[in-house]
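Right, one structure below, let's go through it.
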Amino acid sequence: MTSGMDQIEPLYSTLGADPLLAEIVDMFVDEIPDRVERLLEQLWSGDLEAVRRTAHQLKGAAGSYGFETISPFAAEVESAIRANEPEEAIRLSVKQLVELCDRVRHMPRGT
């Protein structure tokens, strides 16, 4: 029997194999845990406007660094807050975004 963690596919940048962009993509990957932590702290403190801003920034940055898969999830968080959706819906959107961000990995080198 395998755990759910064994089945999680890593998420790599579509730009990570480009030698001219690999370094800045790696910097973005290194920043993801801090961005997720900030997002969760904002959510836990009830500062939904800060959550919306952070999700908006993540939406743009993720797409720029080749993680286009993340952008729609970040946009969903932003949209849920703008639409004054129930807190449970916002929390679910944030949870999905965080789970996706947790899959972000550095591109394997030398393979």
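Each chain in the structure tokens gets a letter, A, B and so on, in the order shown; residues start at 1 in every chain, and ligands are counted from 1 in the order they appear.
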Find the residues of range 18-38 of chain A that sit at most 12 Å from range 60-63 of chain A; for each, write down the nearest two atoms and how far apart they are in Å, to one decimal. Count only C-alpha atoms. Sort by chain, then by number going up, and give it as a tab-separated table.
residue	atom	partner	partner_atom	distance
A:Ile24	CA	A:Ala61	CA	11.3
A:Val25	CA	A:Ala62	CA	9.5
A:Met27	CA	A:Ala61	CA	11.5
A:Phe28	CA	A:Ala62	CA	8.2
A:Val29	CA	A:Ala62	CA	9.5
A:Glu31	CA	A:Ala61	CA	10.9
A:Ile32	CA	A:Ala62	CA	9.6
A:Arg35	CA	A:Ala61	CA	11.0
Please write the residues from the selection above to a file, keeping C-alpha atoms, as a PDB file, in the first residue's frame.
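selection-v6.pdb written:
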ATOM      1  CA  ILE A  24      15.748  32.538 -12.113  1.00  0.00           C
ATOM      2  CA  VAL A  25      13.312  29.616 -12.230  1.00  0.00           C
ATOM      3  CA  MET A  27      15.020  31.255  -7.409  1.00  0.00           C
ATOM      4  CA  PHE A  28      11.236  31.193  -7.845  1.00  0.00           C
ATOM      5  CA  VAL A  29      11.104  27.549  -6.720  1.00  0.00           C
ATOM      6  CA  GLU A  31      10.704  31.237  -2.796  1.00  0.00           C
ATOM      7  CA  ILE A  32       7.568  29.062  -3.033  1.00  0.00           C
ATOM      8  CA  ARG A  35       5.011  32.511  -0.402  1.00  0.00           C
TER       9      ARG A  35
END
Near-Gln42 in chain A list (12 Å; only C-alpha atoms; drop same-chain fewer than 5 positions) as an NGL selection string: :A and (35-37 or 47-55 or 91 or 94)
Give the alpha helix (DSSP H) residues of chain A, as assigned by DSSP on the backbone, as an mmCIF file with N, CA and C atoms, in the first residue's frame.
data_model
loop_
_atom_site.group_PDB
_atom_site.id
_atom_site.type_symbol
_atom_site.label_atom_id
_atom_site.label_comp_id
_atom_site.auth_asym_id
_atom_site.auth_seq_id
_atom_site.Cartn_x
_atom_site.Cartn_y
_atom_site.Cartn_z
ATOM 1 N N ALA A 22 17.171 28.946 -16.232
ATOM 2 C CA ALA A 22 17.159 27.978 -15.132
ATOM 3 C C ALA A 22 17.434 28.626 -13.779
ATOM 4 N N GLU A 23 18.352 29.557 -13.718
ATOM 5 C CA GLU A 23 18.713 30.172 -12.437
ATOM 6 C C GLU A 23 17.553 30.977 -11.845
ATOM 7 N N ILE A 24 16.859 31.755 -12.665
ATOM 8 C CA ILE A 24 15.748 32.538 -12.113
ATOM 9 C C ILE A 24 14.548 31.653 -11.794
ATOM 10 N N VAL A 25 14.375 30.577 -12.553
ATOM 11 C CA VAL A 25 13.312 29.616 -12.230
ATOM 12 C C VAL A 25 13.622 28.967 -10.886
ATOM 13 N N ASP A 26 14.887 28.606 -10.676
ATOM 14 C CA ASP A 26 15.286 28.016 -9.394
ATOM 15 C C ASP A 26 15.040 28.978 -8.239
ATOM 16 N N MET A 27 15.291 30.256 -8.459
ATOM 17 C CA MET A 27 15.020 31.255 -7.409
ATOM 18 C C MET A 27 13.535 31.274 -7.079
ATOM 19 N N PHE A 28 12.680 31.220 -8.080
ATOM 20 C CA PHE A 28 11.236 31.193 -7.845
ATOM 21 C C PHE A 28 10.857 29.947 -7.047
ATOM 22 N N VAL A 29 11.396 28.795 -7.435
ATOM 23 C CA VAL A 29 11.104 27.549 -6.720
ATOM 24 C C VAL A 29 11.532 27.672 -5.262
ATOM 25 N N ASP A 30 12.692 28.260 -5.028
ATOM 26 C CA ASP A 30 13.179 28.444 -3.646
ATOM 27 C C ASP A 30 12.264 29.349 -2.831
ATOM 28 N N GLU A 31 11.587 30.285 -3.491
ATOM 29 C CA GLU A 31 10.704 31.237 -2.796
ATOM 30 C C GLU A 31 9.310 30.676 -2.513
ATOM 31 N N ILE A 32 8.930 29.597 -3.170
ATOM 32 C CA ILE A 32 7.568 29.062 -3.033
ATOM 33 C C ILE A 32 7.198 28.771 -1.576
ATOM 34 N N PRO A 33 8.045 28.097 -0.785
ATOM 35 C CA PRO A 33 7.638 27.830 0.604
ATOM 36 C C PRO A 33 7.327 29.103 1.395
ATOM 37 N N ASP A 34 8.106 30.159 1.183
ATOM 38 C CA ASP A 34 7.842 31.429 1.873
ATOM 39 C C ASP A 34 6.532 32.054 1.403
ATOM 40 N N ARG A 35 6.272 31.970 0.128
ATOM 41 C CA ARG A 35 5.011 32.511 -0.402
ATOM 42 C C ARG A 35 3.816 31.757 0.167
ATOM 43 N N VAL A 36 3.934 30.426 0.233
ATOM 44 C CA VAL A 36 2.852 29.611 0.787
ATOM 45 C C VAL A 36 2.654 29.929 2.268
ATOM 46 N N GLU A 37 3.757 30.032 2.999
ATOM 47 C CA GLU A 37 3.662 30.361 4.429
ATOM 48 C C GLU A 37 2.979 31.710 4.632
ATOM 49 N N ARG A 38 3.360 32.700 3.846
ATOM 50 C CA ARG A 38 2.751 34.029 3.945
ATOM 51 C C ARG A 38 1.252 33.950 3.636
ATOM 52 N N LEU A 39 0.896 33.220 2.600
ATOM 53 C CA LEU A 39 -0.510 33.057 2.219
ATOM 54 C C LEU A 39 -1.308 32.427 3.365
ATOM 55 N N LEU A 40 -0.772 31.379 3.959
ATOM 56 C CA LEU A 40 -1.474 30.701 5.050
ATOM 57 C C LEU A 40 -1.577 31.579 6.299
ATOM 58 N N GLU A 41 -0.520 32.311 6.610
ATOM 59 C CA GLU A 41 -0.568 33.230 7.750
ATOM 60 C C GLU A 41 -1.642 34.297 7.539
ATOM 61 N N GLN A 42 -1.718 34.810 6.332
ATOM 62 C CA GLN A 42 -2.738 35.813 6.025
ATOM 63 C C GLN A 42 -4.132 35.221 6.164
ATOM 64 N N LEU A 43 -4.299 33.997 5.695
ATOM 65 C CA LEU A 43 -5.596 33.330 5.801
ATOM 66 C C LEU A 43 -5.955 33.091 7.260
ATOM 67 N N TRP A 44 -5.024 32.571 8.029
ATOM 68 C CA TRP A 44 -5.281 32.274 9.442
ATOM 69 C C TRP A 44 -5.589 33.533 10.239
ATOM 70 N N SER A 45 -4.977 34.654 9.847
ATOM 71 C CA SER A 45 -5.236 35.903 10.565
ATOM 72 C C SER A 45 -6.530 36.572 10.100
ATOM 73 N N LEU A 48 -8.194 38.682 4.427
ATOM 74 C CA LEU A 48 -8.513 38.185 3.081
ATOM 75 C C LEU A 48 -8.013 39.100 1.978
ATOM 76 N N GLU A 49 -7.939 40.394 2.236
ATOM 77 C CA GLU A 49 -7.404 41.298 1.213
ATOM 78 C C GLU A 49 -5.928 40.988 0.961
ATOM 79 N N ALA A 50 -5.185 40.685 2.010
ATOM 80 C CA ALA A 50 -3.776 40.296 1.842
ATOM 81 C C ALA A 50 -3.683 38.958 1.114
ATOM 82 N N VAL A 51 -4.574 38.016 1.422
ATOM 83 C CA VAL A 51 -4.608 36.731 0.712
ATOM 84 C C VAL A 51 -4.854 36.981 -0.770
ATOM 85 N N ARG A 52 -5.799 37.851 -1.074
ATOM 86 C CA ARG A 52 -6.117 38.156 -2.471
ATOM 87 C C ARG A 52 -4.901 38.735 -3.193
ATOM 88 N N ARG A 53 -4.216 39.672 -2.545
ATOM 89 C CA ARG A 53 -3.027 40.286 -3.160
ATOM 90 C C ARG A 53 -1.916 39.257 -3.380
ATOM 91 N N THR A 54 -1.689 38.421 -2.392
ATOM 92 C CA THR A 54 -0.646 37.404 -2.513
ATOM 93 C C THR A 54 -0.995 36.412 -3.612
ATOM 94 N N ALA A 55 -2.252 36.005 -3.690
ATOM 95 C CA ALA A 55 -2.688 35.093 -4.752
ATOM 96 C C ALA A 55 -2.513 35.756 -6.119
ATOM 97 N N HIS A 56 -2.840 37.039 -6.210
ATOM 98 C CA HIS A 56 -2.684 37.773 -7.466
ATOM 99 C C HIS A 56 -1.206 37.793 -7.890
ATOM 100 N N GLN A 57 -0.320 38.077 -6.953
ATOM 101 C CA GLN A 57 1.116 38.105 -7.252
ATOM 102 C C GLN A 57 1.611 36.723 -7.671
ATOM 103 N N LEU A 58 1.143 35.701 -6.976
ATOM 104 C CA LEU A 58 1.548 34.340 -7.297
ATOM 105 C C LEU A 58 1.042 33.932 -8.680
ATOM 106 N N LYS A 59 -0.162 34.359 -9.004
ATOM 107 C CA LYS A 59 -0.741 34.063 -10.326
ATOM 108 C C LYS A 59 0.176 34.559 -11.436
ATOM 109 N N GLY A 60 0.610 35.798 -11.339
ATOM 110 C CA GLY A 60 1.474 36.373 -12.365
ATOM 111 C C GLY A 60 2.869 35.781 -12.366
ATOM 112 N N ALA A 61 3.443 35.634 -11.185
ATOM 113 C CA ALA A 61 4.805 35.117 -11.094
ATOM 114 C C ALA A 61 4.886 33.674 -11.575
ATOM 115 N N ALA A 62 3.938 32.851 -11.168
ATOM 116 C CA ALA A 62 3.964 31.439 -11.556
ATOM 117 C C ALA A 62 3.935 31.302 -13.078
ATOM 118 N N GLY A 63 3.072 32.045 -13.718
ATOM 119 C CA GLY A 63 2.997 31.992 -15.176
ATOM 120 C C GLY A 63 4.278 32.483 -15.827
ATOM 121 N N SER A 64 4.871 33.514 -15.262
ATOM 122 C CA SER A 64 6.101 34.075 -15.816
ATOM 123 C C SER A 64 7.284 33.126 -15.708
ATOM 124 N N ILE A 70 -0.254 26.704 -12.072
ATOM 125 C CA ILE A 70 -0.589 27.340 -10.794
ATOM 126 C C ILE A 70 -1.504 28.543 -10.991
ATOM 127 N N SER A 71 -1.328 29.261 -12.068
ATOM 128 C CA SER A 71 -2.050 30.529 -12.262
ATOM 129 C C SER A 71 -3.567 30.425 -12.131
ATOM 130 N N PRO A 72 -4.229 29.426 -12.735
ATOM 131 C CA PRO A 72 -5.688 29.357 -12.585
ATOM 132 C C PRO A 72 -6.138 29.105 -11.143
ATOM 133 N N PHE A 73 -5.332 28.370 -10.382
ATOM 134 C CA PHE A 73 -5.682 28.110 -8.983
ATOM 135 C C PHE A 73 -5.537 29.379 -8.145
ATOM 136 N N ALA A 74 -4.477 30.149 -8.420
ATOM 137 C CA ALA A 74 -4.298 31.429 -7.741
ATOM 138 C C ALA A 74 -5.410 32.397 -8.143
ATOM 139 N N ALA A 75 -5.795 32.366 -9.415
ATOM 140 C CA ALA A 75 -6.886 33.222 -9.887
ATOM 141 C C ALA A 75 -8.199 32.853 -9.201
ATOM 142 N N GLU A 76 -8.408 31.574 -8.932
ATOM 143 C CA GLU A 76 -9.626 31.129 -8.244
ATOM 144 C C GLU A 76 -9.685 31.688 -6.829
ATOM 145 N N VAL A 77 -8.554 31.703 -6.135
ATOM 146 C CA VAL A 77 -8.507 32.296 -4.792
ATOM 147 C C VAL A 77 -8.863 33.773 -4.879
ATOM 148 N N GLU A 78 -8.221 34.450 -5.787
ATOM 149 C CA GLU A 78 -8.459 35.885 -5.976
ATOM 150 C C GLU A 78 -9.927 36.150 -6.293
ATOM 151 N N SER A 79 -10.487 35.372 -7.197
ATOM 152 C CA SER A 79 -11.874 35.534 -7.612
ATOM 153 C C SER A 79 -12.851 35.249 -6.464
ATOM 154 N N ALA A 80 -12.578 34.202 -5.696
ATOM 155 C CA ALA A 80 -13.449 33.844 -4.569
ATOM 156 C C ALA A 80 -13.515 34.971 -3.546
ATOM 157 N N ILE A 81 -12.395 35.609 -3.307
ATOM 158 C CA ILE A 81 -12.364 36.713 -2.339
ATOM 159 C C ILE A 81 -13.084 37.929 -2.907
ATOM 160 N N ARG A 82 -12.821 38.246 -4.164
ATOM 161 C CA ARG A 82 -13.499 39.392 -4.795
ATOM 162 C C ARG A 82 -15.018 39.220 -4.807
ATOM 163 N N GLU A 87 -16.414 31.794 3.555
ATOM 164 C CA GLU A 87 -15.055 31.519 4.021
ATOM 165 C C GLU A 87 -14.626 30.088 3.695
ATOM 166 N N GLU A 88 -15.535 29.149 3.818
ATOM 167 C CA GLU A 88 -15.197 27.746 3.531
ATOM 168 C C GLU A 88 -14.763 27.568 2.070
ATOM 169 N N ALA A 89 -15.411 28.253 1.152
ATOM 170 C CA ALA A 89 -15.040 28.176 -0.266
ATOM 171 C C ALA A 89 -13.655 28.791 -0.500
ATOM 172 N N ILE A 90 -13.389 29.884 0.177
ATOM 173 C CA ILE A 90 -12.086 30.543 0.052
ATOM 174 C C ILE A 90 -10.999 29.631 0.611
ATOM 175 N N ARG A 91 -11.261 29.056 1.772
ATOM 176 C CA ARG A 91 -10.283 28.144 2.377
ATOM 177 C C ARG A 91 -10.009 26.944 1.471
ATOM 178 N N LEU A 92 -11.039 26.413 0.837
ATOM 179 C CA LEU A 92 -10.860 25.291 -0.076
ATOM 180 C C LEU A 92 -10.005 25.701 -1.275
ATOM 181 N N SER A 93 -10.254 26.880 -1.820
ATOM 182 C CA SER A 93 -9.455 27.374 -2.946
ATOM 183 C C SER A 93 -7.999 27.548 -2.539
ATOM 184 N N VAL A 94 -7.770 28.085 -1.348
ATOM 185 C CA VAL A 94 -6.396 28.262 -0.856
ATOM 186 C C VAL A 94 -5.745 26.893 -0.662
ATOM 187 N N LYS A 95 -6.486 25.955 -0.102
ATOM 188 C CA LYS A 95 -5.951 24.601 0.120
ATOM 189 C C LYS A 95 -5.509 23.976 -1.198
ATOM 190 N N GLN A 96 -6.318 24.104 -2.228
ATOM 191 C CA GLN A 96 -5.961 23.550 -3.538
ATOM 192 C C GLN A 96 -4.717 24.227 -4.108
ATOM 193 N N LEU A 97 -4.632 25.529 -3.940
ATOM 194 C CA LEU A 97 -3.466 26.275 -4.412
ATOM 195 C C LEU A 97 -2.211 25.829 -3.668
ATOM 196 N N VAL A 98 -2.315 25.700 -2.359
ATOM 197 C CA VAL A 98 -1.168 25.289 -1.550
ATOM 198 C C VAL A 98 -0.721 23.875 -1.929
ATOM 199 N N GLU A 99 -1.671 22.979 -2.119
ATOM 200 C CA GLU A 99 -1.314 21.608 -2.507
ATOM 201 C C GLU A 99 -0.574 21.592 -3.839
ATOM 202 N N LEU A 100 -0.979 22.426 -4.758
ATOM 203 C CA LEU A 100 -0.289 22.504 -6.046
ATOM 204 C C LEU A 100 1.108 23.090 -5.864
ATOM 205 N N CYS A 101 1.213 24.150 -5.083
ATOM 206 C CA CYS A 101 2.517 24.770 -4.838
ATOM 207 C C CYS A 101 3.474 23.801 -4.149
#
Nearest residue to Leu15 in chain A from the set A:Arg103, A:Gly66, A:Pro108, A:Glu85 (distances using only C-alpha atoms): A:Gly66
Proximity to Thr69 in chain A - best of A:Ile8, A:Ser13, A:Ala83, A:His106, only C-alpha atoms: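 Under the stated criterion, the closest residue is A:Ser13.
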Shortest interatomic distance to Glu9 in chain A - which of A:Phe67, A:Leu21, A:Arg109, A:Asp102, counting only C-alpha atoms: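 Distance minimum relative to Glu9 in chain A lands on A:Asp102.
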